[in-house]
Structures are given as C-alpha cells and as structure tokens.
Amino acid sequence: MGEVKRISLGLQGGGAHGAFTWGALDRLLREERIEIAAMSGTSAGALNGAAVKSGMIRGGRAGARAALDDLWRRVGAIGDLRLGAWLQQVDLGQVSRALTLSPPFAMADALSRMVSPYAYGPFYRNPLRGIVEAFDFDEVCASEGPRLCVGATRVSTGKIRVFEGQEITTDAILASACLPTMFQAVEIPDPDTGETDAYWDGGYSGNPALFPLFTAQMPGDIVIININPLERAETPRTPHQIQNRINEISFNSSLLRELRAIAFVQRLLDRGTVGEDEMKRLRIHMIADDVLMNDLSVATKLVPTPLVLARLKSAGEAAAEVFLARHFDDIGTRGSVDLRAMLD
C-alpha cells in the first residue's frame with residue numbers, strides 16, 4: 001500500500017454545491033494511502049464533516065462513505081429550498097441559466113429579499129432540521145476518529161465561533177448553515193457567559209475556518225475542498241449575476257484572509273526571520289473545479305434535486321482523482337497551491 005499520509009480538510013459551504021465535496025470525500029475515503037486527521041467545515045461542509053465523522057466511528061471508511069450517501073439522499077428528498085423541482089433533464093450549466101431567468105426563481109428570490117423568515121411566525125421550521133437531527137451525535141462528538149470543527153458567525157459581533165466535541169449539536173450545525181434571508185437565526189448559549197447568542201452562516205466569517213487546524217498535533221498539510229470559484233473572468237452585468245458574484249466574494253473573503261496570513265508566515269520561515277519551533281509551516285492543497293463552478297450560480301446552490309446532486313458528486317470525484325494523480329507526492333513535502341500567485 002505504501003506510505004500513509006495524514007491530512008486535514010477544509011470543507012467549504014455552498015448549499016447544494018456541497019455535493020461536489022461529497023464526491024471528493026468519497027474518493028479520498030477510497031484512497032487508503034490518505035488518513036483524514038481533522039476537518040473544519042462550514043454550512044454544507046459542516047454537514048459533510050459530521051457525516052464523515054459519524055460514519056468513521058460506526059464503520060470506518062466504508063461507514064463514512066455510506067453516511068455521506070445517506071446524508072445527500074436525505075438532502076435531495078427535501079426538494080428545492082425555494083421552489084419545486086421542475087428542471088431536472090438538462091446539464092448543470094443549463095439548469096443554472098434556466099433557473100436564474102425563470103419567473104418562479106425570480107419571484108422566490110425577490111420574496112426572500114422582501115419577506116423576513118420571521119414572518120412565518122409559529123409555522124416556521126428550518127427544512128434542514130430533520131436532516132441534521134438524524135445524525136448520531138454520540139458519534140459526531142466522539143473523542144476518537146478525525147477531529148471535527150464547525151464554524152458559525154455570531155450575529156452580534158460578526159466573529160466566528162468554532163464548535164468542537166460536545167459543543168457540536170443539531171443547533172450548532174444548523175447555525176453553520178443559516179443563511180439569514182432564508183432561515184431564522186439559530187440561538188445557542190455561550191458556555192462562558194451563559195447568555196444566548198444568535199448565529200448565522202459560518203461562511204461570512206470563515207469558509208471554512210482554517211486556524212483550528214494549525215495546532216502542533218495536526219498535520220502540516222491542509223486540503224481545501226473549494227466550491228466557490230475564486231475568479232470569474234466576465235464582469236457581472238445582470239442583477240442575478242451581480243448578486244451571485246457578491247455572494248461568492250463574501251464567502252471567499254475570509255478564506256483568502258487566512259491564506260494570506262499563511263503565505264506571510266511561510267515567507268518569514270523561508271527568510272529565517274522566525275524559526276519552525278515558533279511557527280508552523282503549512283502546506284496548502286486544493287481540490288476544485290472552477291470551470292464547472294463558473295458555469296453555475298446561486299440558483300443551483302438552492303436546488304438540491306437528485307440530478308444536480310449526482311452530477312456534482314461525479315465532478316467532485318473526478319477533481320479528487322486528478323488531485324491525487326498530480327499531487328499525492330506533494331503531500332508531506334510541499335504545498336501544491338502557489339499562494340503568492342493566487343493572492344497577488
């Protein structure tokens with residue numbers, strides 16, 4: 001089998017596009033030369049991480065793959081988050097364009113900007129609650145298996161809170177995936193003050209949060225599964241294009257800040273300004289398909305139909321396969337992402 005290499009995973013959020021991460025994780029779990037030591041997830045990334053953790057505790061790699069399959073089977077069963085599943089027979093780019101221009105999506109999108117999720121009163125229920133409650137939290141919170149971190153944004157301060165161990169509950173995962181125009185803020189007690197704080201999607205403050213993976217016990221290699229394109233060549237012009245790009249930029253900004261900090265520390269280490277006994281050298285890798293994601297939009301993030309999920313899963317598997325073929329030997333040796341080129 002050869003050398004087993006330990007990695008940490010950064011799992012981005014992005015609604016139904018998290019099925020891309022499902023596929024990438026499935027391929028990594030089939031690679032016995034890779035050990036997943038830790039995961040930091042936001043939104044859909046938090047759900048994926050919880051599925052992997054609980055499945056690993058229950059049944060190892062096969063159990064983790066089965067848990068991911070079960071998770072996304074349940075996500076597909078809830079129907080679209082805003083409108084009915086009415087476009088399922090064309091490719092993903094066509095789905096995205098057709099949804100964006102469709103009157104039902106336009107009406108639903110406009111409604112979400114004019115009507116607060118609090119307007120539903122006693123009839124409100126988060127559609128993800130049943131999916132998250134199905135996790136076995138004794139497994140999700142277990143001390144053995146990969147370390148799991150879940151990030152959510154504290155509404156009052158805009159700062160990230162990272163949940164670990166027994167702090168990871170149904171509400172913590174729902175908070176991590178709480179888009180404020182669609183869901184009511186999730187209220188969770190602060191363990192230090194005892195006061196209740198409201199939380200929104202973790203993507204606003206950490207998508208995903210990488211800093212929990214910097215500890216000395218964690219591997220030096222962090223593999224980010226990226227589902228929000230970092231670049232779009234064309235300037236957005238339509239209202240939907242503009243809103244979509246705003247969404248992508250806001251959900252990538254925290255990640256880029258952390259990558260910039262990592263690049264700065266690497267330069268200090270390379271120059272000998274600080275020693276490796278003072279700061280940790282991190283090797284950053286990325287699994288992504290920006291060509292595919294540039295063909296999609298916020299519309300497909302909100303359409304968890306089985307067809308969309310299956311195609312995204314296949315794309316994620318293919319991207320992970322390419323990563324392993326090209327960069328497996330880099331793990332433990334060098335980062336495969338040129339941070340300077342990415343950030344300049």
# chains A, B, ... in the order shown; residues from 1 in each chain; ligands from 1
>>> select_by_dssp(residues="region 208-280 of chain A", states="helix (DSSP H, G or I)", output="PDB file with N, CA, C and O atoms, in the first residue's frame")
ATOM      1  N   PHE A 211      -7.870  28.175  10.965  1.00  0.00           N
ATOM      2  CA  PHE A 211      -6.996  28.303  12.138  1.00  0.00           C
ATOM      3  C   PHE A 211      -7.123  27.168  13.156  1.00  0.00           C
ATOM      4  O   PHE A 211      -6.140  26.850  13.839  1.00  0.00           O
ATOM      5  N   PRO A 212      -8.295  26.504  13.304  1.00  0.00           N
ATOM      6  CA  PRO A 212      -8.314  25.377  14.237  1.00  0.00           C
ATOM      7  C   PRO A 212      -7.414  24.220  13.811  1.00  0.00           C
ATOM      8  O   PRO A 212      -7.112  23.334  14.627  1.00  0.00           O
ATOM      9  N   LEU A 213      -6.979  24.228  12.547  1.00  0.00           N
ATOM     10  CA  LEU A 213      -6.146  23.140  12.024  1.00  0.00           C
ATOM     11  C   LEU A 213      -4.661  23.436  12.152  1.00  0.00           C
ATOM     12  O   LEU A 213      -3.828  22.657  11.687  1.00  0.00           O
ATOM     13  N   PRO A 239     -28.759  41.770 -12.769  1.00  0.00           N
ATOM     14  CA  PRO A 239     -28.950  41.752 -11.309  1.00  0.00           C
ATOM     15  C   PRO A 239     -28.580  40.411 -10.683  1.00  0.00           C
ATOM     16  O   PRO A 239     -27.955  40.373  -9.614  1.00  0.00           O
ATOM     17  N   HIS A 240     -28.949  39.298 -11.336  1.00  0.00           N
ATOM     18  CA  HIS A 240     -28.638  37.987 -10.770  1.00  0.00           C
ATOM     19  C   HIS A 240     -27.145  37.709 -10.792  1.00  0.00           C
ATOM     20  O   HIS A 240     -26.597  37.144  -9.834  1.00  0.00           O
ATOM     21  N   GLN A 241     -26.476  38.091 -11.880  1.00  0.00           N
ATOM     22  CA  GLN A 241     -25.033  37.894 -11.953  1.00  0.00           C
ATOM     23  C   GLN A 241     -24.316  38.699 -10.878  1.00  0.00           C
ATOM     24  O   GLN A 241     -23.377  38.214 -10.242  1.00  0.00           O
ATOM     25  N   ILE A 242     -24.763  39.924 -10.686  1.00  0.00           N
ATOM     26  CA  ILE A 242     -24.140  40.782  -9.669  1.00  0.00           C
ATOM     27  C   ILE A 242     -24.342  40.198  -8.275  1.00  0.00           C
ATOM     28  O   ILE A 242     -23.398  40.100  -7.480  1.00  0.00           O
ATOM     29  N   GLN A 243     -25.566  39.790  -7.973  1.00  0.00           N
ATOM     30  CA  GLN A 243     -25.845  39.224  -6.658  1.00  0.00           C
ATOM     31  C   GLN A 243     -25.071  37.934  -6.442  1.00  0.00           C
ATOM     32  O   GLN A 243     -24.558  37.676  -5.346  1.00  0.00           O
ATOM     33  N   ASN A 244     -24.953  37.122  -7.486  1.00  0.00           N
ATOM     34  CA  ASN A 244     -24.222  35.868  -7.382  1.00  0.00           C
ATOM     35  C   ASN A 244     -22.751  36.121  -7.081  1.00  0.00           C
ATOM     36  O   ASN A 244     -22.156  35.462  -6.222  1.00  0.00           O
ATOM     37  N   ARG A 245     -22.152  37.091  -7.769  1.00  0.00           N
ATOM     38  CA  ARG A 245     -20.737  37.350  -7.542  1.00  0.00           C
ATOM     39  C   ARG A 245     -20.502  37.962  -6.170  1.00  0.00           C
ATOM     40  O   ARG A 245     -19.483  37.672  -5.513  1.00  0.00           O
ATOM     41  N   ILE A 246     -21.414  38.813  -5.713  1.00  0.00           N
ATOM     42  CA  ILE A 246     -21.314  39.337  -4.346  1.00  0.00           C
ATOM     43  C   ILE A 246     -21.307  38.179  -3.351  1.00  0.00           C
ATOM     44  O   ILE A 246     -20.518  38.159  -2.395  1.00  0.00           O
ATOM     45  N   ASN A 247     -22.190  37.211  -3.568  1.00  0.00           N
ATOM     46  CA  ASN A 247     -22.258  36.035  -2.701  1.00  0.00           C
ATOM     47  C   ASN A 247     -20.930  35.285  -2.686  1.00  0.00           C
ATOM     48  O   ASN A 247     -20.412  34.902  -1.628  1.00  0.00           O
ATOM     49  N   GLU A 248     -20.350  35.064  -3.860  1.00  0.00           N
ATOM     50  CA  GLU A 248     -19.088  34.322  -3.947  1.00  0.00           C
ATOM     51  C   GLU A 248     -17.943  35.079  -3.293  1.00  0.00           C
ATOM     52  O   GLU A 248     -17.136  34.490  -2.554  1.00  0.00           O
ATOM     53  N   ILE A 249     -17.871  36.381  -3.552  1.00  0.00           N
ATOM     54  CA  ILE A 249     -16.784  37.169  -2.972  1.00  0.00           C
ATOM     55  C   ILE A 249     -16.878  37.182  -1.450  1.00  0.00           C
ATOM     56  O   ILE A 249     -15.868  37.002  -0.744  1.00  0.00           O
ATOM     57  N   SER A 250     -18.084  37.384  -0.925  1.00  0.00           N
ATOM     58  CA  SER A 250     -18.233  37.443   0.534  1.00  0.00           C
ATOM     59  C   SER A 250     -17.906  36.107   1.176  1.00  0.00           C
ATOM     60  O   SER A 250     -17.316  36.059   2.261  1.00  0.00           O
ATOM     61  N   PHE A 251     -18.237  35.015   0.503  1.00  0.00           N
ATOM     62  CA  PHE A 251     -17.984  33.705   1.088  1.00  0.00           C
ATOM     63  C   PHE A 251     -16.554  33.222   0.866  1.00  0.00           C
ATOM     64  O   PHE A 251     -16.139  32.225   1.458  1.00  0.00           O
ATOM     65  N   ASN A 252     -15.795  33.913   0.020  1.00  0.00           N
ATOM     66  CA  ASN A 252     -14.377  33.571  -0.148  1.00  0.00           C
ATOM     67  C   ASN A 252     -13.451  34.508   0.615  1.00  0.00           C
ATOM     68  O   ASN A 252     -12.278  34.203   0.792  1.00  0.00           O
ATOM     69  N   SER A 253     -13.963  35.649   1.051  1.00  0.00           N
ATOM     70  CA  SER A 253     -13.086  36.669   1.623  1.00  0.00           C
ATOM     71  C   SER A 253     -12.370  36.188   2.884  1.00  0.00           C
ATOM     72  O   SER A 253     -11.170  36.450   3.060  1.00  0.00           O
ATOM     73  N   SER A 254     -13.067  35.481   3.746  1.00  0.00           N
ATOM     74  CA  SER A 254     -12.432  35.005   4.979  1.00  0.00           C
ATOM     75  C   SER A 254     -11.366  33.963   4.681  1.00  0.00           C
ATOM     76  O   SER A 254     -10.301  33.941   5.313  1.00  0.00           O
ATOM     77  N   LEU A 255     -11.634  33.096   3.697  1.00  0.00           N
ATOM     78  CA  LEU A 255     -10.638  32.094   3.314  1.00  0.00           C
ATOM     79  C   LEU A 255      -9.387  32.769   2.765  1.00  0.00           C
ATOM     80  O   LEU A 255      -8.260  32.410   3.131  1.00  0.00           O
ATOM     81  N   LEU A 256      -9.562  33.760   1.909  1.00  0.00           N
ATOM     82  CA  LEU A 256      -8.413  34.448   1.331  1.00  0.00           C
ATOM     83  C   LEU A 256      -7.600  35.162   2.401  1.00  0.00           C
ATOM     84  O   LEU A 256      -6.364  35.217   2.328  1.00  0.00           O
ATOM     85  N   ARG A 257      -8.276  35.711   3.422  1.00  0.00           N
ATOM     86  CA  ARG A 257      -7.539  36.357   4.517  1.00  0.00           C
ATOM     87  C   ARG A 257      -6.656  35.353   5.243  1.00  0.00           C
ATOM     88  O   ARG A 257      -5.497  35.643   5.568  1.00  0.00           O
ATOM     89  N   GLU A 258      -7.192  34.172   5.506  1.00  0.00           N
ATOM     90  CA  GLU A 258      -6.387  33.165   6.210  1.00  0.00           C
ATOM     91  C   GLU A 258      -5.245  32.656   5.329  1.00  0.00           C
ATOM     92  O   GLU A 258      -4.134  32.415   5.821  1.00  0.00           O
ATOM     93  N   LEU A 259      -5.503  32.494   4.039  1.00  0.00           N
ATOM     94  CA  LEU A 259      -4.432  32.061   3.140  1.00  0.00           C
ATOM     95  C   LEU A 259      -3.345  33.121   3.050  1.00  0.00           C
ATOM     96  O   LEU A 259      -2.151  32.795   2.959  1.00  0.00           O
ATOM     97  N   ARG A 260      -3.734  34.393   3.082  1.00  0.00           N
ATOM     98  CA  ARG A 260      -2.735  35.464   3.053  1.00  0.00           C
ATOM     99  C   ARG A 260      -1.861  35.413   4.313  1.00  0.00           C
ATOM    100  O   ARG A 260      -0.641  35.619   4.249  1.00  0.00           O
ATOM    101  N   ALA A 261      -2.476  35.132   5.457  1.00  0.00           N
ATOM    102  CA  ALA A 261      -1.709  35.020   6.706  1.00  0.00           C
ATOM    103  C   ALA A 261      -0.748  33.832   6.641  1.00  0.00           C
ATOM    104  O   ALA A 261       0.402  33.921   7.096  1.00  0.00           O
ATOM    105  N   ILE A 262      -1.222  32.712   6.072  1.00  0.00           N
ATOM    106  CA  ILE A 262      -0.357  31.536   5.929  1.00  0.00           C
ATOM    107  C   ILE A 262       0.829  31.858   5.021  1.00  0.00           C
ATOM    108  O   ILE A 262       1.978  31.498   5.309  1.00  0.00           O
ATOM    109  N   ALA A 263       0.556  32.550   3.912  1.00  0.00           N
ATOM    110  CA  ALA A 263       1.633  32.919   2.986  1.00  0.00           C
ATOM    111  C   ALA A 263       2.651  33.827   3.664  1.00  0.00           C
ATOM    112  O   ALA A 263       3.868  33.704   3.444  1.00  0.00           O
ATOM    113  N   PHE A 264       2.176  34.750   4.510  1.00  0.00           N
ATOM    114  CA  PHE A 264       3.074  35.656   5.229  1.00  0.00           C
ATOM    115  C   PHE A 264       3.992  34.868   6.167  1.00  0.00           C
ATOM    116  O   PHE A 264       5.211  35.097   6.207  1.00  0.00           O
ATOM    117  N   VAL A 265       3.414  33.922   6.891  1.00  0.00           N
ATOM    118  CA  VAL A 265       4.227  33.111   7.804  1.00  0.00           C
ATOM    119  C   VAL A 265       5.232  32.282   7.023  1.00  0.00           C
ATOM    120  O   VAL A 265       6.399  32.126   7.441  1.00  0.00           O
ATOM    121  N   GLN A 266       4.836  31.752   5.868  1.00  0.00           N
ATOM    122  CA  GLN A 266       5.767  30.982   5.052  1.00  0.00           C
ATOM    123  C   GLN A 266       6.961  31.831   4.630  1.00  0.00           C
ATOM    124  O   GLN A 266       8.111  31.356   4.631  1.00  0.00           O
ATOM    125  N   ARG A 267       6.711  33.096   4.268  1.00  0.00           N
ATOM    126  CA  ARG A 267       7.814  33.982   3.880  1.00  0.00           C
ATOM    127  C   ARG A 267       8.749  34.227   5.056  1.00  0.00           C
ATOM    128  O   ARG A 267       9.977  34.244   4.899  1.00  0.00           O
ATOM    129  N   LEU A 268       8.185  34.406   6.248  1.00  0.00           N
ATOM    130  CA  LEU A 268       9.024  34.597   7.437  1.00  0.00           C
ATOM    131  C   LEU A 268       9.882  33.369   7.703  1.00  0.00           C
ATOM    132  O   LEU A 268      11.068  33.480   8.043  1.00  0.00           O
ATOM    133  N   LEU A 269       9.304  32.186   7.536  1.00  0.00           N
ATOM    134  CA  LEU A 269      10.055  30.948   7.748  1.00  0.00           C
ATOM    135  C   LEU A 269      11.144  30.783   6.695  1.00  0.00           C
ATOM    136  O   LEU A 269      12.277  30.388   7.002  1.00  0.00           O
ATOM    137  N   ASP A 270      10.806  31.099   5.443  1.00  0.00           N
ATOM    138  CA  ASP A 270      11.784  30.967   4.364  1.00  0.00           C
ATOM    139  C   ASP A 270      12.977  31.905   4.560  1.00  0.00           C
ATOM    140  O   ASP A 270      14.118  31.555   4.231  1.00  0.00           O
ATOM    141  N   ARG A 271      12.704  33.095   5.095  1.00  0.00           N
ATOM    142  CA  ARG A 271      13.776  34.067   5.311  1.00  0.00           C
ATOM    143  C   ARG A 271      14.551  33.795   6.588  1.00  0.00           C
ATOM    144  O   ARG A 271      15.589  34.422   6.830  1.00  0.00           O
TER     145      ARG A 271
END
>>> residues_around(residues="Val75 (chain A)", least_positions_apart="3", cutoff="12 Å", atoms="only C-alpha atoms", output="number ranges by chain")
A: 15-19, 22, 44, 47-48, 68-72, 78-81, 127-132, 134, 302-306, 308-310
>>> write_last_selection(atoms="C-alpha atoms", output="PDB file, in the first residue's frame")
ATOM      1  CA  GLY A  15     -25.641  24.900  -0.411  1.00  0.00           C
ATOM      2  CA  ALA A  16     -26.342  22.087  -2.865  1.00  0.00           C
ATOM      3  CA  HIS A  17     -22.862  22.599  -4.335  1.00  0.00           C
ATOM      4  CA  GLY A  18     -21.694  20.737  -1.223  1.00  0.00           C
ATOM      5  CA  ALA A  19     -22.469  17.590  -3.229  1.00  0.00           C
ATOM      6  CA  TRP A  22     -19.424  14.640  -1.158  1.00  0.00           C
ATOM      7  CA  ALA A  44     -22.700  22.198   3.757  1.00  0.00           C
ATOM      8  CA  LEU A  47     -22.862  18.531   7.285  1.00  0.00           C
ATOM      9  CA  ASN A  48     -20.311  16.659   5.198  1.00  0.00           C
ATOM     10  CA  LEU A  68     -22.336  10.644   3.125  1.00  0.00           C
ATOM     11  CA  ASP A  69     -24.590   8.787   0.698  1.00  0.00           C
ATOM     12  CA  ASP A  70     -27.378   8.767   3.282  1.00  0.00           C
ATOM     13  CA  LEU A  71     -26.925  12.472   4.044  1.00  0.00           C
ATOM     14  CA  TRP A  72     -27.224  13.564   0.432  1.00  0.00           C
ATOM     15  CA  ILE A  78     -36.385  17.686   0.887  1.00  0.00           C
ATOM     16  CA  GLY A  79     -36.996  19.267  -2.505  1.00  0.00           C
ATOM     17  CA  ASP A  80     -35.788  22.692  -3.547  1.00  0.00           C
ATOM     18  CA  LEU A  81     -35.296  25.231  -0.800  1.00  0.00           C
ATOM     19  CA  PRO A 127     -36.104  22.485   6.484  1.00  0.00           C
ATOM     20  CA  LEU A 128     -32.638  21.195   7.374  1.00  0.00           C
ATOM     21  CA  ARG A 129     -33.537  20.333  10.977  1.00  0.00           C
ATOM     22  CA  GLY A 130     -34.800  16.832  10.237  1.00  0.00           C
ATOM     23  CA  ILE A 131     -31.678  16.063   8.212  1.00  0.00           C
ATOM     24  CA  VAL A 132     -29.321  17.228  10.953  1.00  0.00           C
ATOM     25  CA  ALA A 134     -30.760  12.227  12.026  1.00  0.00           C
ATOM     26  CA  LEU A 302     -30.612  26.242  -3.869  1.00  0.00           C
ATOM     27  CA  VAL A 303     -31.772  23.294  -5.978  1.00  0.00           C
ATOM     28  CA  PRO A 304     -30.891  20.011  -4.234  1.00  0.00           C
ATOM     29  CA  THR A 305     -32.577  17.780  -6.813  1.00  0.00           C
ATOM     30  CA  PRO A 306     -31.153  14.263  -7.229  1.00  0.00           C
ATOM     31  CA  VAL A 308     -27.977  18.153  -9.690  1.00  0.00           C
ATOM     32  CA  LEU A 309     -26.515  16.377  -6.651  1.00  0.00           C
ATOM     33  CA  ALA A 310     -25.464  13.286  -8.628  1.00  0.00           C
TER      34      ALA A 310
END
>>> closest_atom_pairs(of="region 167-228 of chain A", to="region 114-125 of chain A", cutoff="10 Å", atoms="only C-alpha atoms", output="CSV")
residue,atom,partner,partner_atom,distance
A:Pro180,CA,A:Pro117,CA,7.9
A:Thr181,CA,A:Pro117,CA,6.7
A:Met182,CA,A:Pro117,CA,5.8
A:Phe183,CA,A:Pro117,CA,5.6
A:Gln184,CA,A:Pro117,CA,5.6
A:Ala185,CA,A:Pro117,CA,9.1
>>> write_last_selection(atoms="C-alpha atoms", output="mmCIF file, in the first residue's frame")
data_model
loop_
_atom_site.group_PDB
_atom_site.id
_atom_site.type_symbol
_atom_site.label_atom_id
_atom_site.label_comp_id
_atom_site.auth_asym_id
_atom_site.auth_seq_id
_atom_site.Cartn_x
_atom_site.Cartn_y
_atom_site.Cartn_z
ATOM 1 C CA PRO A 180 -30.201 34.922 7.097
ATOM 2 C CA THR A 181 -32.531 35.689 4.172
ATOM 3 C CA MET A 182 -33.894 32.136 4.269
ATOM 4 C CA PHE A 183 -33.680 30.921 7.859
ATOM 5 C CA GLN A 184 -34.229 32.428 11.280
ATOM 6 C CA ALA A 185 -31.027 32.930 13.273
#
>>> residues_around(residues="region 318-335 of chain A", least_positions_apart="6", cutoff="9 Å", atoms="only C-alpha atoms", output="MDAnalysis selection string")
chainID A and resid 5:7 20 23:28 31 34 219:222 225 282:289
>>> atom_distance(atom1="CA of Ile173 (chain A)", atom2="CA of Leu148 (chain A)")
11.6 Å
>>> closest_residue(among="A:Phe163, A:Ser156, A:Ala37, A:Asp136", to="Thr196 (chain A)", atoms="only C-alpha atoms")
A:Ser156
>>> select_by_dssp(residues="region 155-222 of chain A", states="strand (DSSP E or B)", output="PyMOL selection string")
chain A and resi 160-164+186-189+196-201+221-222
>>> decode(residues="region 4-16 of chain A", atoms="C-alpha atoms", output="short mmCIF file (atom, residue, chain, number, x, y, z; two decimals), in the first residue's frame")
data_model
loop_
_atom_site.label_atom_id
_atom_site.label_comp_id
_atom_site.auth_asym_id
_atom_site.auth_seq_id
_atom_site.Cartn_x
_atom_site.Cartn_y
_atom_site.Cartn_z
CA VAL A 4 0.01 6.63 4.59
CA LYS A 5 -0.13 10.42 4.55
CA ARG A 6 -2.13 12.41 7.11
CA ILE A 7 -4.09 15.46 6.04
CA SER A 8 -6.55 17.95 7.46
CA LEU A 9 -9.54 19.01 5.39
CA GLY A 10 -11.12 22.43 4.94
CA LEU A 11 -14.71 21.92 3.80
CA GLN A 12 -16.38 24.96 2.25
CA GLY A 13 -20.07 25.75 2.38
CA GLY A 14 -22.19 26.44 -0.67
CA GLY A 15 -25.64 24.90 -0.41
CA ALA A 16 -26.34 22.09 -2.86
#
